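> Just dropping this structure here.
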There are 2 protein chains.
Amino acid sequence: MSPNKCLNLLLMFEQLFTSIARVVTLTEEEKAYCRSRFVPKKLRKRQYLLQEGDVCKYTVFVEKGLLRSFIVDDKGNEHILQFAFEGWWMADLYSFFTEEPSPYHMDAIEDSELLMIDQESWENLLNQVTVMERYFRILIQNNLIATQRRLMGTMSETAEEKYIKLTENFPEFIQRVPQHMIASYLGMTRETLSRTRSHMAQKKGG
Amino acid sequence: MSPNKCLNLLLMFEQLFTSIARVVTLTEEEKAYCRSRFVPKKLRKRQYLLQEGDVCKYTVFVEKGLLRSFIVDDKGNEHILQFAFEGWWMADLYSFFTEEPSPYHMDAIEDSELLMIDQESWENLLNQVTVMERYFRILIQNNLIATQRRLMGTMSETAEEKYIKLTENFPEFIQRVPQHMIASYLGMTRETLSRTRSHMAQKKGG
C-alpha cells in the first residue's frame, strides 16, 4: 500500500474512533485491535451494497458519503427504512446474525467510503474489547427509540407534521437527499410532498 | 414478609432468570445481586404504569399479565406501540435514560405482576454484572429488528397481510388482546379489521 493510501486508511479509522469516543473510551491497544477487524470499501453513487435475497455479511460504518436501505413492494414501490450519513452505521442485523436472506436493498446515494466488519470479526471484537458491547447497546438503543417514534408518527401525524419534524431533526436530509426519496421515507407520494412544501412556503410567505 | 409472599417473590425472579439464561449465563452471586436491584409491583387491569408527560422511572419485566404502551393523538385516537406479555420487557428508554417526559401511556390489559428496576439500579447492575450489557444489547437489538419490520409493513402491506403476519407470529395476541386494540396496533379502524377477518373467514370457508 502506498503511503498516501495508508494515511487515508488511518484517517478513516480516526473518524470511527471519534464516533466511539462519544460513548466509551478505547485504549491504544483496543484501537489497534479494531483496526485489524475492519476492511475499507468504496461505493460509487447508485452502487449496491446489498440486494434483497442476499445475506447481509457486513455491518458498515459510513466514513464518507450517504447510504440508504429500502424494500421494494409487490407493486415495485420503494419504501425507505433508513439513511446513513457520515458517522452512522448500517446493517440488516437480523440477516447479519442469522445468515438468513435479507428483505432489504442497500445502495449509495453519493460516492461513499465505508469501514466494514463481518460477523465473526464483530463477535471477536465484542469479546476482546468488551466496552464495544456497551457502545453497540447504546447505538442500537438510540436507533430503536428513533424507529419507535417514526412508527408512531407514521400512524398518527399528518404529511405536514412529518415533514416539519424531519426538517427540524435532520436539516441535512433536505440538502442531500433527492425529493422522491424523502417522499418515500415519509411514506407519502411525491405529489403530496410537493403540495406540503408549497403549502408551508405559502404560510411562511403570508 | 410472610413465607408465602417470600416464595412468590423468589418464583418471580426465577422467571426473570429463565429469560436471561436464554441469552447469557449468570453466577449465583450475580443472581443475588439482581435480586437486590429489582422491586415487585402488581397492577390491576386498566391500571396505569405511566402517563404521557410523566418521566418513565422504571424498566419493567412482566412476570405475569399483559401490558401495552400507546400514544393518544390530537383527535383522541390511541396508537399502540407495543404489547408486553409474560417474559417481555417494557419501558420508554428515551425517557428512562434522559429523565425527559414521555409521550407514551402504559397500562395493564390484564391483572399483572412486574419486576421493576430504576435507572440508577440499572446502571449499577450493568457495571456489576457485565454480561447483562450483552443481554440487554441482544434484547434491544431484537426489538429494533421487529420494529423496523413493522414500520416497513405499515408502509407497504395491505390490512389483510398485516393481520395474517400478526396471527402467524403472535397467535396469543388474537386470544388475549381485545379486537379494538389489535386494530389500533395494526394502524387500521375496527371496521377495516372486522371486514378483513370476515373476508379471510369467507376465503377459508370457500
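Letters A, B, ... go to the chains of the C-alpha cells in the order shown; residues in each chain start at 1; ligands are counted from 1 in the same order.
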Would you kindly report the residues of chain A within 9 Å of chain B, using only C-alpha atoms, as a ChimeraX atom specification?
/A:70-74,77-81,92-94,130,133-134,136-138,140-145,147-152,154-157,187
> Produce the least-squares-superposed copy of chain A, fitted on chain B over all in-order C-alpha pairs, as a PDB file with C-alpha atoms, in the first residue's frame.

ATOM      1  CA  MET A   1     -42.789 -10.664  54.718  1.00  0.00           C
ATOM      2  CA  SER A   2     -44.759 -13.898  55.102  1.00  0.00           C
ATOM      3  CA  PRO A   3     -43.157 -17.177  53.920  1.00  0.00           C
ATOM      4  CA  ASN A   4     -45.718 -17.425  51.100  1.00  0.00           C
ATOM      5  CA  LYS A   5     -44.997 -13.897  49.870  1.00  0.00           C
ATOM      6  CA  CYS A   6     -41.266 -14.693  50.022  1.00  0.00           C
ATOM      7  CA  LEU A   7     -41.786 -17.831  47.953  1.00  0.00           C
ATOM      8  CA  ASN A   8     -43.863 -15.904  45.412  1.00  0.00           C
ATOM      9  CA  LEU A   9     -41.153 -13.234  45.089  1.00  0.00           C
ATOM     10  CA  LEU A  10     -38.439 -15.839  44.565  1.00  0.00           C
ATOM     11  CA  LEU A  11     -40.581 -17.520  41.885  1.00  0.00           C
ATOM     12  CA  MET A  12     -40.931 -14.158  40.080  1.00  0.00           C
ATOM     13  CA  PHE A  13     -37.146 -13.920  39.899  1.00  0.00           C
ATOM     14  CA  GLU A  14     -36.916 -17.487  38.583  1.00  0.00           C
ATOM     15  CA  GLN A  15     -38.930 -16.381  35.542  1.00  0.00           C
ATOM     16  CA  LEU A  16     -36.586 -13.408  35.054  1.00  0.00           C
ATOM     17  CA  PHE A  17     -33.535 -15.691  35.325  1.00  0.00           C
ATOM     18  CA  THR A  18     -35.047 -18.161  32.842  1.00  0.00           C
ATOM     19  CA  SER A  19     -35.429 -15.308  30.356  1.00  0.00           C
ATOM     20  CA  ILE A  20     -31.846 -14.133  30.959  1.00  0.00           C
ATOM     21  CA  ALA A  21     -30.467 -17.695  30.749  1.00  0.00           C
ATOM     22  CA  ARG A  22     -31.652 -17.939  27.122  1.00  0.00           C
ATOM     23  CA  VAL A  23     -29.001 -15.331  26.253  1.00  0.00           C
ATOM     24  CA  VAL A  24     -26.246 -15.212  28.907  1.00  0.00           C
ATOM     25  CA  THR A  25     -25.150 -17.208  31.984  1.00  0.00           C
ATOM     26  CA  LEU A  26     -25.370 -15.689  35.477  1.00  0.00           C
ATOM     27  CA  THR A  27     -23.450 -17.003  38.532  1.00  0.00           C
ATOM     28  CA  GLU A  28     -25.341 -17.470  41.827  1.00  0.00           C
ATOM     29  CA  GLU A  29     -23.612 -14.333  43.138  1.00  0.00           C
ATOM     30  CA  GLU A  30     -24.790 -12.327  40.106  1.00  0.00           C
ATOM     31  CA  LYS A  31     -28.344 -13.620  40.582  1.00  0.00           C
ATOM     32  CA  ALA A  32     -28.225 -12.466  44.215  1.00  0.00           C
ATOM     33  CA  TYR A  33     -27.114  -9.015  43.023  1.00  0.00           C
ATOM     34  CA  CYS A  34     -30.023  -8.938  40.516  1.00  0.00           C
ATOM     35  CA  ARG A  35     -32.498  -9.807  43.286  1.00  0.00           C
ATOM     36  CA  SER A  36     -31.262  -6.798  45.277  1.00  0.00           C
ATOM     37  CA  ARG A  37     -31.891  -4.385  42.362  1.00  0.00           C
ATOM     38  CA  PHE A  38     -35.495  -5.125  41.297  1.00  0.00           C
ATOM     39  CA  VAL A  39     -38.705  -4.337  43.188  1.00  0.00           C
ATOM     40  CA  PRO A  40     -42.002  -6.192  42.644  1.00  0.00           C
ATOM     41  CA  LYS A  41     -45.241  -4.429  41.677  1.00  0.00           C
ATOM     42  CA  LYS A  42     -48.806  -5.528  40.976  1.00  0.00           C
ATOM     43  CA  LEU A  43     -51.079  -3.711  38.521  1.00  0.00           C
ATOM     44  CA  ARG A  44     -54.802  -4.277  38.249  1.00  0.00           C
ATOM     45  CA  LYS A  45     -56.442  -4.478  34.794  1.00  0.00           C
ATOM     46  CA  ARG A  46     -56.751  -0.953  33.296  1.00  0.00           C
ATOM     47  CA  GLN A  47     -54.357   0.530  35.904  1.00  0.00           C
ATOM     48  CA  TYR A  48     -51.702   2.870  34.525  1.00  0.00           C
ATOM     49  CA  LEU A  49     -47.962   2.294  34.897  1.00  0.00           C
ATOM     50  CA  LEU A  50     -47.029   5.545  33.113  1.00  0.00           C
ATOM     51  CA  GLN A  51     -48.964   8.539  31.785  1.00  0.00           C
ATOM     52  CA  GLU A  52     -47.966  10.895  28.964  1.00  0.00           C
ATOM     53  CA  GLY A  53     -45.923  13.785  30.377  1.00  0.00           C
ATOM     54  CA  ASP A  54     -44.482  11.754  33.270  1.00  0.00           C
ATOM     55  CA  VAL A  55     -40.894  10.523  33.386  1.00  0.00           C
ATOM     56  CA  CYS A  56     -40.523   6.780  32.798  1.00  0.00           C
ATOM     57  CA  LYS A  57     -38.724   5.908  36.044  1.00  0.00           C
ATOM     58  CA  TYR A  58     -38.667   2.127  35.637  1.00  0.00           C
ATOM     59  CA  THR A  59     -37.823  -0.546  33.135  1.00  0.00           C
ATOM     60  CA  VAL A  60     -40.212  -3.416  33.874  1.00  0.00           C
ATOM     61  CA  PHE A  61     -40.144  -7.155  33.349  1.00  0.00           C
ATOM     62  CA  VAL A  62     -43.595  -8.736  33.001  1.00  0.00           C
ATOM     63  CA  GLU A  63     -43.750 -11.832  35.199  1.00  0.00           C
ATOM     64  CA  LYS A  64     -47.505 -12.272  34.764  1.00  0.00           C
ATOM     65  CA  GLY A  65     -50.188 -10.467  32.762  1.00  0.00           C
ATOM     66  CA  LEU A  66     -50.118  -8.161  29.776  1.00  0.00           C
ATOM     67  CA  LEU A  67     -49.135  -4.493  29.338  1.00  0.00           C
ATOM     68  CA  ARG A  68     -49.370  -2.089  26.421  1.00  0.00           C
ATOM     69  CA  SER A  69     -47.720   1.251  25.583  1.00  0.00           C
ATOM     70  CA  PHE A  70     -49.501   3.770  23.352  1.00  0.00           C
ATOM     71  CA  ILE A  71     -49.809   7.398  22.342  1.00  0.00           C
ATOM     72  CA  VAL A  72     -53.005   9.431  22.111  1.00  0.00           C
ATOM     73  CA  ASP A  73     -53.104  11.802  19.114  1.00  0.00           C
ATOM     74  CA  ASP A  74     -54.707  15.289  18.948  1.00  0.00           C
ATOM     75  CA  LYS A  75     -58.023  13.762  17.921  1.00  0.00           C
ATOM     76  CA  GLY A  76     -58.043  11.417  20.915  1.00  0.00           C
ATOM     77  CA  ASN A  77     -57.207   8.276  18.917  1.00  0.00           C
ATOM     78  CA  GLU A  78     -54.970   5.667  20.548  1.00  0.00           C
ATOM     79  CA  HIS A  79     -51.986   4.261  18.614  1.00  0.00           C
ATOM     80  CA  ILE A  80     -50.397   1.215  20.219  1.00  0.00           C
ATOM     81  CA  LEU A  81     -46.597   0.980  20.148  1.00  0.00           C
ATOM     82  CA  GLN A  82     -46.093  -2.275  21.975  1.00  0.00           C
ATOM     83  CA  PHE A  83     -47.620  -5.106  23.953  1.00  0.00           C
ATOM     84  CA  ALA A  84     -45.677  -6.956  26.654  1.00  0.00           C
ATOM     85  CA  PHE A  85     -46.696 -10.470  27.667  1.00  0.00           C
ATOM     86  CA  GLU A  86     -45.065 -12.678  30.334  1.00  0.00           C
ATOM     87  CA  GLY A  87     -41.291 -12.726  29.903  1.00  0.00           C
ATOM     88  CA  TRP A  88     -41.208  -9.450  27.941  1.00  0.00           C
ATOM     89  CA  TRP A  89     -39.829  -6.069  28.979  1.00  0.00           C
ATOM     90  CA  MET A  90     -41.348  -2.599  28.724  1.00  0.00           C
ATOM     91  CA  ALA A  91     -39.990   0.957  29.085  1.00  0.00           C
ATOM     92  CA  ASP A  92     -39.755   4.248  27.248  1.00  0.00           C
ATOM     93  CA  LEU A  93     -35.969   4.052  27.031  1.00  0.00           C
ATOM     94  CA  TYR A  94     -35.552   7.692  25.965  1.00  0.00           C
ATOM     95  CA  SER A  95     -37.440   8.991  28.982  1.00  0.00           C
ATOM     96  CA  PHE A  96     -35.803   6.372  31.242  1.00  0.00           C
ATOM     97  CA  PHE A  97     -32.274   7.508  30.368  1.00  0.00           C
ATOM     98  CA  THR A  98     -32.775  11.257  29.853  1.00  0.00           C
ATOM     99  CA  GLU A  99     -35.473  11.825  32.513  1.00  0.00           C
ATOM    100  CA  GLU A 100     -37.443  13.810  29.899  1.00  0.00           C
ATOM    101  CA  PRO A 101     -41.263  13.485  29.992  1.00  0.00           C
ATOM    102  CA  SER A 102     -42.539  10.514  27.994  1.00  0.00           C
ATOM    103  CA  PRO A 103     -44.991  10.841  25.071  1.00  0.00           C
ATOM    104  CA  TYR A 104     -46.340   7.362  25.925  1.00  0.00           C
ATOM    105  CA  HIS A 105     -49.000   5.931  28.198  1.00  0.00           C
ATOM    106  CA  MET A 106     -48.574   2.413  29.620  1.00  0.00           C
ATOM    107  CA  ASP A 107     -51.354   0.395  31.213  1.00  0.00           C
ATOM    108  CA  ALA A 108     -52.326  -3.159  32.092  1.00  0.00           C
ATOM    109  CA  ILE A 109     -54.677  -5.090  29.795  1.00  0.00           C
ATOM    110  CA  GLU A 110     -54.871  -7.904  32.372  1.00  0.00           C
ATOM    111  CA  ASP A 111     -54.023  -8.067  36.105  1.00  0.00           C
ATOM    112  CA  SER A 112     -50.235  -8.071  36.024  1.00  0.00           C
ATOM    113  CA  GLU A 113     -47.200  -8.765  38.210  1.00  0.00           C
ATOM    114  CA  LEU A 114     -43.986  -6.953  37.413  1.00  0.00           C
ATOM    115  CA  LEU A 115     -40.358  -6.681  38.452  1.00  0.00           C
ATOM    116  CA  MET A 116     -39.192  -3.065  38.160  1.00  0.00           C
ATOM    117  CA  ILE A 117     -35.712  -1.539  38.104  1.00  0.00           C
ATOM    118  CA  ASP A 118     -34.918   2.195  38.260  1.00  0.00           C
ATOM    119  CA  GLN A 119     -32.204   3.913  36.246  1.00  0.00           C
ATOM    120  CA  GLU A 120     -29.554   4.065  38.978  1.00  0.00           C
ATOM    121  CA  SER A 121     -30.033   0.388  39.824  1.00  0.00           C
ATOM    122  CA  TRP A 122     -29.953  -0.464  36.121  1.00  0.00           C
ATOM    123  CA  GLU A 123     -26.617   1.321  35.631  1.00  0.00           C
ATOM    124  CA  ASN A 124     -25.236  -0.375  38.766  1.00  0.00           C
ATOM    125  CA  LEU A 125     -26.471  -3.730  37.533  1.00  0.00           C
ATOM    126  CA  LEU A 126     -24.719  -3.306  34.175  1.00  0.00           C
ATOM    127  CA  ASN A 127     -21.491  -2.219  35.871  1.00  0.00           C
ATOM    128  CA  GLN A 128     -21.530  -5.085  38.400  1.00  0.00           C
ATOM    129  CA  VAL A 129     -22.899  -7.860  36.187  1.00  0.00           C
ATOM    130  CA  THR A 130     -21.216  -7.102  32.888  1.00  0.00           C
ATOM    131  CA  VAL A 131     -22.893  -9.941  30.940  1.00  0.00           C
ATOM    132  CA  MET A 132     -26.163  -8.050  31.427  1.00  0.00           C
ATOM    133  CA  GLU A 133     -24.824  -5.470  28.942  1.00  0.00           C
ATOM    134  CA  ARG A 134     -24.845  -8.271  26.350  1.00  0.00           C
ATOM    135  CA  TYR A 135     -28.276  -9.458  27.452  1.00  0.00           C
ATOM    136  CA  PHE A 136     -29.813  -6.020  27.024  1.00  0.00           C
ATOM    137  CA  ARG A 137     -27.925  -5.373  23.746  1.00  0.00           C
ATOM    138  CA  ILE A 138     -29.423  -8.539  22.247  1.00  0.00           C
ATOM    139  CA  LEU A 139     -32.886  -7.796  23.671  1.00  0.00           C
ATOM    140  CA  ILE A 140     -32.883  -4.236  22.301  1.00  0.00           C
ATOM    141  CA  GLN A 141     -31.468  -5.482  18.996  1.00  0.00           C
ATOM    142  CA  ASN A 142     -34.338  -7.979  18.603  1.00  0.00           C
ATOM    143  CA  ASN A 143     -36.815  -5.228  19.424  1.00  0.00           C
ATOM    144  CA  LEU A 144     -35.203  -2.953  16.808  1.00  0.00           C
ATOM    145  CA  ILE A 145     -35.361  -5.667  14.126  1.00  0.00           C
ATOM    146  CA  ALA A 146     -39.071  -6.282  14.872  1.00  0.00           C
ATOM    147  CA  THR A 147     -39.897  -2.554  14.975  1.00  0.00           C
ATOM    148  CA  GLN A 148     -38.132  -1.940  11.644  1.00  0.00           C
ATOM    149  CA  ARG A 149     -40.090  -4.763  10.005  1.00  0.00           C
ATOM    150  CA  ARG A 150     -43.343  -3.464  11.476  1.00  0.00           C
ATOM    151  CA  LEU A 151     -42.545   0.038  10.177  1.00  0.00           C
ATOM    152  CA  MET A 152     -41.888  -1.297   6.677  1.00  0.00           C
ATOM    153  CA  GLY A 153     -45.086  -3.377   6.907  1.00  0.00           C
ATOM    154  CA  THR A 154     -47.082  -0.294   7.920  1.00  0.00           C
ATOM    155  CA  MET A 155     -45.863   1.454   4.787  1.00  0.00           C
ATOM    156  CA  SER A 156     -46.156  -1.381   2.271  1.00  0.00           C
ATOM    157  CA  GLU A 157     -48.658  -4.063   3.332  1.00  0.00           C
ATOM    158  CA  THR A 158     -52.432  -4.387   2.932  1.00  0.00           C
ATOM    159  CA  ALA A 159     -54.693  -4.769   5.997  1.00  0.00           C
ATOM    160  CA  GLU A 160     -55.009  -8.486   5.243  1.00  0.00           C
ATOM    161  CA  GLU A 161     -51.237  -9.023   4.980  1.00  0.00           C
ATOM    162  CA  LYS A 162     -50.696  -7.222   8.300  1.00  0.00           C
ATOM    163  CA  TYR A 163     -53.337  -9.300  10.056  1.00  0.00           C
ATOM    164  CA  ILE A 164     -52.050 -12.610   8.670  1.00  0.00           C
ATOM    165  CA  LYS A 165     -48.492 -11.783   9.805  1.00  0.00           C
ATOM    166  CA  LEU A 166     -49.698 -10.946  13.291  1.00  0.00           C
ATOM    167  CA  THR A 167     -51.704 -14.173  13.658  1.00  0.00           C
ATOM    168  CA  GLU A 168     -48.734 -16.208  12.402  1.00  0.00           C
ATOM    169  CA  ASN A 169     -46.085 -14.509  14.549  1.00  0.00           C
ATOM    170  CA  PHE A 170     -48.143 -13.908  17.693  1.00  0.00           C
ATOM    171  CA  PRO A 171     -51.185 -16.247  17.838  1.00  0.00           C
ATOM    172  CA  GLU A 172     -51.529 -15.269  21.541  1.00  0.00           C
ATOM    173  CA  PHE A 173     -52.431 -11.695  20.514  1.00  0.00           C
ATOM    174  CA  ILE A 174     -55.671 -12.827  18.964  1.00  0.00           C
ATOM    175  CA  GLN A 175     -56.663 -14.789  22.080  1.00  0.00           C
ATOM    176  CA  ARG A 176     -55.802 -12.210  24.711  1.00  0.00           C
ATOM    177  CA  VAL A 177     -55.944  -8.726  23.160  1.00  0.00           C
ATOM    178  CA  PRO A 178     -59.356  -7.059  22.527  1.00  0.00           C
ATOM    179  CA  GLN A 179     -60.189  -6.519  18.828  1.00  0.00           C
ATOM    180  CA  HIS A 180     -60.156  -2.714  19.013  1.00  0.00           C
ATOM    181  CA  MET A 181     -56.592  -2.802  20.370  1.00  0.00           C
ATOM    182  CA  ILE A 182     -55.466  -5.179  17.611  1.00  0.00           C
ATOM    183  CA  ALA A 183     -56.935  -2.706  15.101  1.00  0.00           C
ATOM    184  CA  SER A 184     -55.087   0.175  16.777  1.00  0.00           C
ATOM    185  CA  TYR A 185     -51.818  -1.807  16.813  1.00  0.00           C
ATOM    186  CA  LEU A 186     -52.175  -2.596  13.104  1.00  0.00           C
ATOM    187  CA  GLY A 187     -52.999   1.033  12.281  1.00  0.00           C
ATOM    188  CA  MET A 188     -56.504   0.354  10.942  1.00  0.00           C
ATOM    189  CA  THR A 189     -60.064   1.080  12.060  1.00  0.00           C
ATOM    190  CA  ARG A 190     -62.182  -1.554  13.838  1.00  0.00           C
ATOM    191  CA  GLU A 191     -64.380  -1.704  10.736  1.00  0.00           C
ATOM    192  CA  THR A 192     -61.419  -2.505   8.457  1.00  0.00           C
ATOM    193  CA  LEU A 193     -60.205  -5.203  10.855  1.00  0.00           C
ATOM    194  CA  SER A 194     -63.686  -6.682  11.048  1.00  0.00           C
ATOM    195  CA  ARG A 195     -64.019  -6.668   7.212  1.00  0.00           C
ATOM    196  CA  THR A 196     -60.551  -8.235   6.891  1.00  0.00           C
ATOM    197  CA  ARG A 197     -61.464 -11.035   9.305  1.00  0.00           C
ATOM    198  CA  SER A 198     -64.788 -11.828   7.561  1.00  0.00           C
ATOM    199  CA  HIS A 199     -63.072 -11.793   4.186  1.00  0.00           C
ATOM    200  CA  MET A 200     -60.419 -14.238   5.412  1.00  0.00           C
ATOM    201  CA  ALA A 201     -63.062 -16.496   7.012  1.00  0.00           C
ATOM    202  CA  GLN A 202     -65.018 -16.546   3.716  1.00  0.00           C
ATOM    203  CA  LYS A 203     -61.886 -17.490   1.748  1.00  0.00           C
ATOM    204  CA  LYS A 204     -61.166 -20.290   4.245  1.00  0.00           C
ATOM    205  CA  GLY A 205     -64.785 -21.488   4.031  1.00  0.00           C
ATOM    206  CA  GLY A 206     -64.746 -21.478   0.233  1.00  0.00           C
TER     207      GLY A 206
END
> According to DSSP computed on the backbone, where in stretch 3-201 of chain A is there helix (DSSP H, G or I)? Give the residues as a ChimeraX atom specification.
/A:3-21,28-37,93-98,119-128,131-156,159-169,171-176,179-186,190-201
> Which residues in chain A does DSSP call strand (DSSP E)? List them as a VMD selection string.
chain A and resid 39 to 43 48 to 50 58 to 64 67 to 72 78 to 84 89 to 90 105 to 108 112 to 118
